[in-house]
Amino acid sequence: MRFTKFLSTCLLVTLCSVAQAEVAVIVHKDNSVELSKGKIKRVFMKKIKSFENGNEIHVVSLKEGHPISTEFNTRVLKKTASKLKSYWSKLTFTGQAKPMEYIDTSEEMISKVKADPNMIAYIDANKVTDEVRVLATF
């Protein structure tokens with residue numbers, strides 16, 4: 001009985017810490033862009049398609065079901081995965097946007113961002129390195 005109670009408590013603490021994971025929005029370390037949290041949402045919804053200097057923004061996302069992706073979608077985009085899938089299908093079908101590129105891990109995101117000065121992505125804030133620049137945390 002005590003062991004079951006202990007396991008339940010551990011599970012609850014773990015779930016709460018996962019639910020409170022901090023998300024960092026990142027860009028190339030030489031990209032000097034500044035975006036408000038509202039503009040970041042618009043970028044990831046493809047309502048803003050280029051930086052102020054005119055360069056096209058390359059947006060990437062963590063794969064559906066990844067805990068950080070779920071957190072980002074909820075906190076920043078205020079949408080569920082199914083609503084986003086529907087939204088992206090509509091944009092892609094009507095030719096308003098290219099299909100979203102999905103990445104498996106935060107480490108892969110960092111590799112992509114450090115190779116592309118026009119890319120914007122989000123990762124687990126605990127995985128940030130000096131190879132990228134953080135625009136905002138949520």
# chains A, B, ... in the order shown; residues from 1 in each chain; ligands from 1

$ select_by_dssp --residues "chain A" --states "helix (DSSP H, G or I)" --output "count of residues only"
63

$ residues_around --residues "segment 31-38 of chain A" --least-positions-apart "3" --cutoff "10 Å" --atoms "only C-alpha atoms" --output "VMD selection string"
chain A and resid 25 to 28 41 to 43 51 to 53 76 to 77 116 to 120 132 to 138

$ closest_residue --among "A:Val23, A:Ile103, A:Ala121, A:Ala115" --to "Arg75 of chain A" --atoms "only C-alpha atoms"
A:Val23

$ residues_around --residues "segment 128-131 of chain A" --least-positions-apart "2" --cutoff "7 Å" --atoms "only C-alpha atoms" --output "list in words"
Lys29, Lys114, Ala125 and Asn126 of chain A

$ write_last_selection --atoms "C-alpha atoms" --output "mmCIF file, in the first residue's frame"
data_model
loop_
_atom_site.group_PDB
_atom_site.id
_atom_site.type_symbol
_atom_site.label_atom_id
_atom_site.label_comp_id
_atom_site.auth_asym_id
_atom_site.auth_seq_id
_atom_site.Cartn_x
_atom_site.Cartn_y
_atom_site.Cartn_z
ATOM 1 C CA LYS A 29 23.105 32.860 -33.573
ATOM 2 C CA LYS A 114 22.717 26.628 -36.956
ATOM 3 C CA ALA A 125 14.749 25.217 -23.094
ATOM 4 C CA ASN A 126 17.041 22.840 -21.194
#

$ atom_distance --atom1 "atom CA of Gly95 of chain A" --atom2 "atom CA of Lys83 of chain A"
18.4 Å

$ atom_distance --atom1 "atom CA of Leu84 of chain A" --atom2 "atom CA of Lys127 of chain A"
24.7 Å

$ closest_residue --among "A:Thr70, A:Val113, A:Ile123, A:Ile48" --to "Asp30 of chain A" --atoms "only C-alpha atoms"
A:Val113

$ atom_distance --atom1 "atom CA of His58 of chain A" --atom2 "atom CA of Met100 of chain A"
9.4 Å

$ select_by_dssp --residues "segment 6-107 of chain A" --states "strand (DSSP E)" --output "list in words"
Val23, Ala24, Val25, Ile26, Val27, His28, His58, Val59, Val60, Ser61, Leu62, Glu101, Tyr102 and Ile103 of chain A

$ write_last_selection --atoms "N, CA and C atoms" --output "PDB file, in the first residue's frame"
ATOM      1  N   VAL A  23       9.724  26.056 -23.044  1.00  0.00           N
ATOM      2  CA  VAL A  23       9.990  25.981 -24.478  1.00  0.00           C
ATOM      3  C   VAL A  23      10.764  27.229 -24.893  1.00  0.00           C
ATOM      4  N   ALA A  24      11.846  27.043 -25.653  1.00  0.00           N
ATOM      5  CA  ALA A  24      12.637  28.162 -26.163  1.00  0.00           C
ATOM      6  C   ALA A  24      12.464  28.253 -27.676  1.00  0.00           C
ATOM      7  N   VAL A  25      12.155  29.451 -28.160  1.00  0.00           N
ATOM      8  CA  VAL A  25      12.093  29.699 -29.603  1.00  0.00           C
ATOM      9  C   VAL A  25      13.480  30.176 -30.008  1.00  0.00           C
ATOM     10  N   ILE A  26      14.063  29.522 -31.016  1.00  0.00           N
ATOM     11  CA  ILE A  26      15.453  29.785 -31.383  1.00  0.00           C
ATOM     12  C   ILE A  26      15.605  30.182 -32.846  1.00  0.00           C
ATOM     13  N   VAL A  27      16.700  30.917 -33.097  1.00  0.00           N
ATOM     14  CA  VAL A  27      17.115  31.281 -34.453  1.00  0.00           C
ATOM     15  C   VAL A  27      18.629  31.100 -34.537  1.00  0.00           C
ATOM     16  N   HIS A  28      19.165  31.266 -35.732  1.00  0.00           N
ATOM     17  CA  HIS A  28      20.611  31.228 -35.961  1.00  0.00           C
ATOM     18  C   HIS A  28      21.279  32.262 -35.053  1.00  0.00           C
ATOM     19  N   HIS A  58      12.111  30.318 -42.594  1.00  0.00           N
ATOM     20  CA  HIS A  58      11.972  28.867 -42.701  1.00  0.00           C
ATOM     21  C   HIS A  58      11.561  28.341 -41.324  1.00  0.00           C
ATOM     22  N   VAL A  59      10.330  27.867 -41.222  1.00  0.00           N
ATOM     23  CA  VAL A  59       9.776  27.402 -39.948  1.00  0.00           C
ATOM     24  C   VAL A  59       9.849  25.884 -39.875  1.00  0.00           C
ATOM     25  N   VAL A  60      10.329  25.364 -38.753  1.00  0.00           N
ATOM     26  CA  VAL A  60      10.311  23.922 -38.511  1.00  0.00           C
ATOM     27  C   VAL A  60       9.684  23.662 -37.143  1.00  0.00           C
ATOM     28  N   SER A  61       9.152  22.481 -37.003  1.00  0.00           N
ATOM     29  CA  SER A  61       8.444  22.107 -35.783  1.00  0.00           C
ATOM     30  C   SER A  61       8.885  20.721 -35.333  1.00  0.00           C
ATOM     31  N   LEU A  62       8.808  20.475 -34.043  1.00  0.00           N
ATOM     32  CA  LEU A  62       9.038  19.124 -33.551  1.00  0.00           C
ATOM     33  C   LEU A  62       7.857  18.252 -33.957  1.00  0.00           C
ATOM     34  N   GLU A 101       7.738  21.339 -41.966  1.00  0.00           N
ATOM     35  CA  GLU A 101       8.795  20.339 -41.826  1.00  0.00           C
ATOM     36  C   GLU A 101       8.855  19.934 -40.357  1.00  0.00           C
ATOM     37  N   TYR A 102       8.812  18.634 -40.104  1.00  0.00           N
ATOM     38  CA  TYR A 102       8.832  18.124 -38.734  1.00  0.00           C
ATOM     39  C   TYR A 102      10.168  17.456 -38.434  1.00  0.00           C
ATOM     40  N   ILE A 103      10.685  17.731 -37.251  1.00  0.00           N
ATOM     41  CA  ILE A 103      11.975  17.221 -36.795  1.00  0.00           C
ATOM     42  C   ILE A 103      11.733  16.363 -35.551  1.00  0.00           C
TER      43      ILE A 103
END

$ residues_around --residues "Glu71 of chain A" --least-positions-apart "2" --cutoff "8 Å" --atoms "only C-alpha atoms" --output "ChimeraX atom specification"
/A:19,21,23,67-69,73-75

$ decode --residues "segment 86-107 of chain A" --atoms "N, CA and C atoms" --output "short mmCIF file (atom, residue, chain, number, x, y, z; two decimals), in the first residue's frame"
data_model
loop_
_atom_site.label_atom_id
_atom_site.label_comp_id
_atom_site.auth_asym_id
_atom_site.auth_seq_id
_atom_site.Cartn_x
_atom_site.Cartn_y
_atom_site.Cartn_z
N SER A 86 -5.30 20.23 -39.27
CA SER A 86 -6.35 20.73 -40.16
C SER A 86 -5.96 22.08 -40.76
N TYR A 87 -5.42 22.96 -39.93
CA TYR A 87 -4.99 24.29 -40.37
C TYR A 87 -3.91 24.17 -41.45
N TRP A 88 -2.89 23.33 -41.18
CA TRP A 88 -1.79 23.17 -42.14
C TRP A 88 -2.26 22.51 -43.43
N SER A 89 -3.18 21.57 -43.33
CA SER A 89 -3.73 20.93 -44.54
C SER A 89 -4.41 21.96 -45.42
N LYS A 90 -5.17 22.84 -44.80
CA LYS A 90 -5.88 23.88 -45.55
C LYS A 90 -4.88 24.82 -46.24
N LEU A 91 -3.86 25.28 -45.50
CA LEU A 91 -2.87 26.19 -46.09
C LEU A 91 -2.11 25.52 -47.23
N THR A 92 -1.75 24.27 -47.03
CA THR A 92 -1.00 23.54 -48.05
C THR A 92 -1.87 23.29 -49.29
N PHE A 93 -3.09 22.84 -49.07
CA PHE A 93 -4.01 22.53 -50.18
C PHE A 93 -4.31 23.77 -51.02
N THR A 94 -4.45 24.92 -50.37
CA THR A 94 -4.77 26.15 -51.11
C THR A 94 -3.53 26.85 -51.66
N GLY A 95 -2.34 26.29 -51.39
CA GLY A 95 -1.11 26.87 -51.91
C GLY A 95 -0.62 28.08 -51.13
N GLN A 96 -1.19 28.33 -49.97
CA GLN A 96 -0.78 29.48 -49.17
C GLN A 96 0.51 29.23 -48.39
N ALA A 97 0.88 27.98 -48.23
CA ALA A 97 2.10 27.65 -47.49
C ALA A 97 2.62 26.29 -47.92
N LYS A 98 3.92 26.10 -47.74
CA LYS A 98 4.53 24.80 -47.96
C LYS A 98 4.21 23.93 -46.74
N PRO A 99 4.22 22.61 -46.91
CA PRO A 99 3.97 21.75 -45.76
C PRO A 99 5.01 22.00 -44.66
N MET A 100 4.57 21.91 -43.42
CA MET A 100 5.46 22.10 -42.28
C MET A 100 6.50 20.98 -42.28
N GLU A 101 7.74 21.34 -41.97
CA GLU A 101 8.80 20.34 -41.83
C GLU A 101 8.85 19.93 -40.36
N TYR A 102 8.81 18.63 -40.10
CA TYR A 102 8.83 18.12 -38.73
C TYR A 102 10.17 17.46 -38.43
N ILE A 103 10.68 17.73 -37.25
CA ILE A 103 11.98 17.22 -36.79
C ILE A 103 11.73 16.36 -35.55
N ASP A 104 12.57 15.35 -35.35
CA ASP A 104 12.36 14.41 -34.24
C ASP A 104 12.84 14.89 -32.88
N THR A 105 13.97 15.60 -32.82
CA THR A 105 14.55 15.94 -31.51
C THR A 105 15.01 17.40 -31.45
N SER A 106 15.20 17.88 -30.23
CA SER A 106 15.73 19.23 -30.03
C SER A 106 17.14 19.35 -30.60
N GLU A 107 17.93 18.30 -30.47
CA GLU A 107 19.30 18.31 -30.99
C GLU A 107 19.32 18.47 -32.51
#
